[in-house]
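Here is the structure we will look at.
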Amino acid sequence: MSKYFFLSWKNSTQTASAIYEIEHQIAHELIPELEGKESLPFNFKLKRIRETKDDIIIDDNLDELQEIWLDYLPNSLAWPLMSQKLKLVVQENLTENEGVDWLDCKVNYGNEERIYYILRFNKILDVLDMTETSFVRGTDHIIRPVFSYSKVRNLNIFSKPAYQYLWRITSGLYVSEKLKKEIQKMKLTGLDFSKVRVI
């Protein structure tokens, strides 16, 4: 049986992050506004996020960072912002069962602007083993997902079901071992993988 992994941003005490600076806008409120669009109607600004013992500090001082244009770029909306290289690796490994498309977006830093790509699902994928997955009692809110191999074996990337629109654009991405190896072979930056339970 193949292994599957949760894809996350690499943990660091300081990192470059794409910030969307309009207050009081929440990710799940923005997602329906993007229906039918191929590009985000706003830009991100690249800033440094630094964790201290007591606080999280956001500033423009990126000089201390070794690399700022990560292939999997953390961001204030917790969306999957992928470089052109990472997008191509994902695209080349799609099985046509995932039902995804892409939004492009602009990320600015000083006078530089780069295009990143956001993975968007167009259908809710049936991926869970419902008997083993843990839910908040009396709800469909997932505490700990367990995936069914028979349901995910023909997928190389997927998301778990989520409330409202959060399954469409989500940081909760899961990848096959095949896709993980392809990403690692290309030495793409900013990603981490943790094994998930599949039965």
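By order of appearance in the structure tokens: chains A, B, ..., then residues from 1 within every chain, and ligands from 1 in the order shown.
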
* Could you find all residues in region 137-195 of chain A that DSSP calls strand (DSSP E) from the backbone, and write them as a ChimeraX atom specification? => /A:142-144,157-159,173-176,191-195

Which residues of region 96-132 of chain A sit at most 9 Å from region 143-163 of chain A, using only C-alpha atoms? Give each one's shortest atom pair and distance in Å (one decimal place), in chain and ascending residue order, as CSV.
residue,atom,partner,partner_atom,distance
A:Glu96,CA,A:Leu155,CA,8.2
A:Asn97,CA,A:Leu155,CA,6.3
A:Glu98,CA,A:Leu155,CA,6.1
A:Phe121,CA,A:Ser159,CA,8.2
A:Ile124,CA,A:Pro161,CA,6.3
A:Leu125,CA,A:Pro161,CA,7.0
A:Asp126,CA,A:Lys151,CA,6.7
A:Val127,CA,A:Lys151,CA,5.2
A:Leu128,CA,A:Phe147,CA,4.4
A:Asp129,CA,A:Ser148,CA,4.7
A:Met130,CA,A:Val146,CA,7.8
A:Thr131,CA,A:Val146,CA,8.8
A:Glu132,CA,A:Val146,CA,6.0

* Secondary structure check, helix (DSSP H, G or I) residues of chain A, as a count of residues only -> 30

With only C-alpha atoms as the counted atoms, please give the residues lying no more than 9 Å from region 74-84 of chain A, apart from itself and same-chain residues fewer than 2 positions off, as a PDB file with C-alpha atoms, in the first residue's frame.
ATOM      1  CA  TRP A   9       5.149  24.878   5.251  1.00  0.00           C
ATOM      2  CA  LYS A  10       8.601  24.273   6.686  1.00  0.00           C
ATOM      3  CA  THR A  15      10.447  33.207   7.273  1.00  0.00           C
ATOM      4  CA  ALA A  16       9.242  35.203   4.294  1.00  0.00           C
ATOM      5  CA  SER A  17       5.456  35.286   4.068  1.00  0.00           C
ATOM      6  CA  ALA A  18       3.005  36.760   1.563  1.00  0.00           C
ATOM      7  CA  ILE A  19       0.673  39.144   3.384  1.00  0.00           C
ATOM      8  CA  TYR A  20      -2.768  40.253   2.206  1.00  0.00           C
ATOM      9  CA  GLU A  21      -3.188  43.559   4.001  1.00  0.00           C
ATOM     10  CA  ILE A  26     -11.278  35.967   6.142  1.00  0.00           C
ATOM     11  CA  ALA A  27     -10.135  33.279   3.687  1.00  0.00           C
ATOM     12  CA  PHE A  44       0.274  40.014  -1.694  1.00  0.00           C
ATOM     13  CA  LEU A  46       6.283  39.781   0.917  1.00  0.00           C
ATOM     14  CA  TRP A  69      11.017  33.377  -2.816  1.00  0.00           C
ATOM     15  CA  LEU A  70      10.118  29.934  -1.484  1.00  0.00           C
ATOM     16  CA  ASP A  71       8.461  27.401  -3.774  1.00  0.00           C
ATOM     17  CA  TYR A  72       5.724  26.822  -1.183  1.00  0.00           C
ATOM     18  CA  LEU A  86       6.095  23.508  -7.864  1.00  0.00           C
ATOM     19  CA  LYS A  87       2.962  24.031  -9.938  1.00  0.00           C
ATOM     20  CA  LEU A  88       4.567  22.166 -12.869  1.00  0.00           C
ATOM     21  CA  VAL A  89       5.563  19.210 -10.670  1.00  0.00           C
ATOM     22  CA  ASP A 104      -2.549  33.051 -10.375  1.00  0.00           C
ATOM     23  CA  CYS A 105      -1.577  35.854  -8.024  1.00  0.00           C
ATOM     24  CA  ARG A 114       6.548  37.384  -9.021  1.00  0.00           C
ATOM     25  CA  ILE A 115       3.615  35.247 -10.087  1.00  0.00           C
ATOM     26  CA  TYR A 116       2.523  32.423  -7.789  1.00  0.00           C
ATOM     27  CA  TYR A 117      -0.237  29.868  -8.311  1.00  0.00           C
ATOM     28  CA  ILE A 118      -3.029  28.745  -5.991  1.00  0.00           C
ATOM     29  CA  LEU A 119      -4.395  25.211  -6.284  1.00  0.00           C
ATOM     30  CA  ARG A 120      -8.219  25.155  -6.308  1.00  0.00           C
ATOM     31  CA  ILE A 169      -8.788  26.498  -1.521  1.00  0.00           C
ATOM     32  CA  THR A 170      -7.105  24.956   1.479  1.00  0.00           C
ATOM     33  CA  SER A 171      -3.776  24.615   3.216  1.00  0.00           C
ATOM     34  CA  GLY A 172      -4.908  21.093   4.131  1.00  0.00           C
ATOM     35  CA  LEU A 173      -3.249  19.318   1.208  1.00  0.00           C
ATOM     36  CA  GLY A 190       9.531  25.766   1.878  1.00  0.00           C
TER      37      GLY A 190
END

* Asked: Which neighbours of Glu182 (chain A) fall inside 10 Å, counting only C-alpha atoms, when residues of the same chain fewer than 3 positions from it are skipped, and could you give them as a VMD selection string?
  -> chain A and resid 86 89 to 90 92 to 93 177 to 179 185 to 188

* What separation in Å, quoted to one decimal, exists between CA of Leu65 (chain A) and CA of Gln14 (chain A)? -> 7.9 Å

* **Spatial neighbours of Tyr109 (chain A), 8 Å, only C-alpha atoms, chain gap at least 4 places, as a count of residues only** => 4

* **Using only C-alpha atoms: which of A:Thr13, A:Asn43, A:Ser8, A:Ser176 has the shortest distance to Val107 (chain A)** =>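 The answer is A:Asn43, which sits nearest to Val107 (chain A).
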
* To do: Could you give me, as a list in words, the residues within 10 Å of Pro41 (chain A), counting only C-alpha atoms and dropping anything in the same chain fewer than 3 positions from it?
  =>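 In the requested format, the answer is Glu33, Leu34, Lys37, Glu38, Asp104, Cys105 and Lys106 of chain A.
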
Selection from above, C-alpha atoms, as a PDB file, in the first residue's frame, can you write it?
ATOM      1  CA  GLU A  33     -15.809  35.826  -4.699  1.00  0.00           C
ATOM      2  CA  LEU A  34     -13.192  34.066  -6.861  1.00  0.00           C
ATOM      3  CA  LYS A  37     -11.889  33.973 -11.974  1.00  0.00           C
ATOM      4  CA  GLU A  38      -8.397  32.878 -13.048  1.00  0.00           C
ATOM      5  CA  ASP A 104      -2.549  33.051 -10.375  1.00  0.00           C
ATOM      6  CA  CYS A 105      -1.577  35.854  -8.024  1.00  0.00           C
ATOM      7  CA  LYS A 106       1.097  38.517  -7.742  1.00  0.00           C
TER       8      LYS A 106
END

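Distances to Phe193 (chain A) were evaluated for A:Asn11, A:Ser2, A:Thr52, A:Thr139 using only C-alpha atoms, and the minimum falls at A:Asn11.
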
* Distance criterion (only C-alpha atoms): nearest to Glu29 (chain A) out of A:Asn111, A:Gln184, A:Gln164, A:Asn61 ->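 Closest candidate: A:Gln164.
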
* Structure fact -> Expressed in Å, the length from CA of Leu73 (chain A) to CA of Lys85 (chain A) is 12.3 Å

* Atom-to-atom span, CA of Ile199 (chain A) and CA of Lys3 (chain A), Å -> 9.9 Å

* Smallest atom-to-atom distance to Ser12 (chain A): which of A:Phe135, A:Gln91, A:Lys180, A:Glu51, using only C-alpha atoms? -> A:Glu51
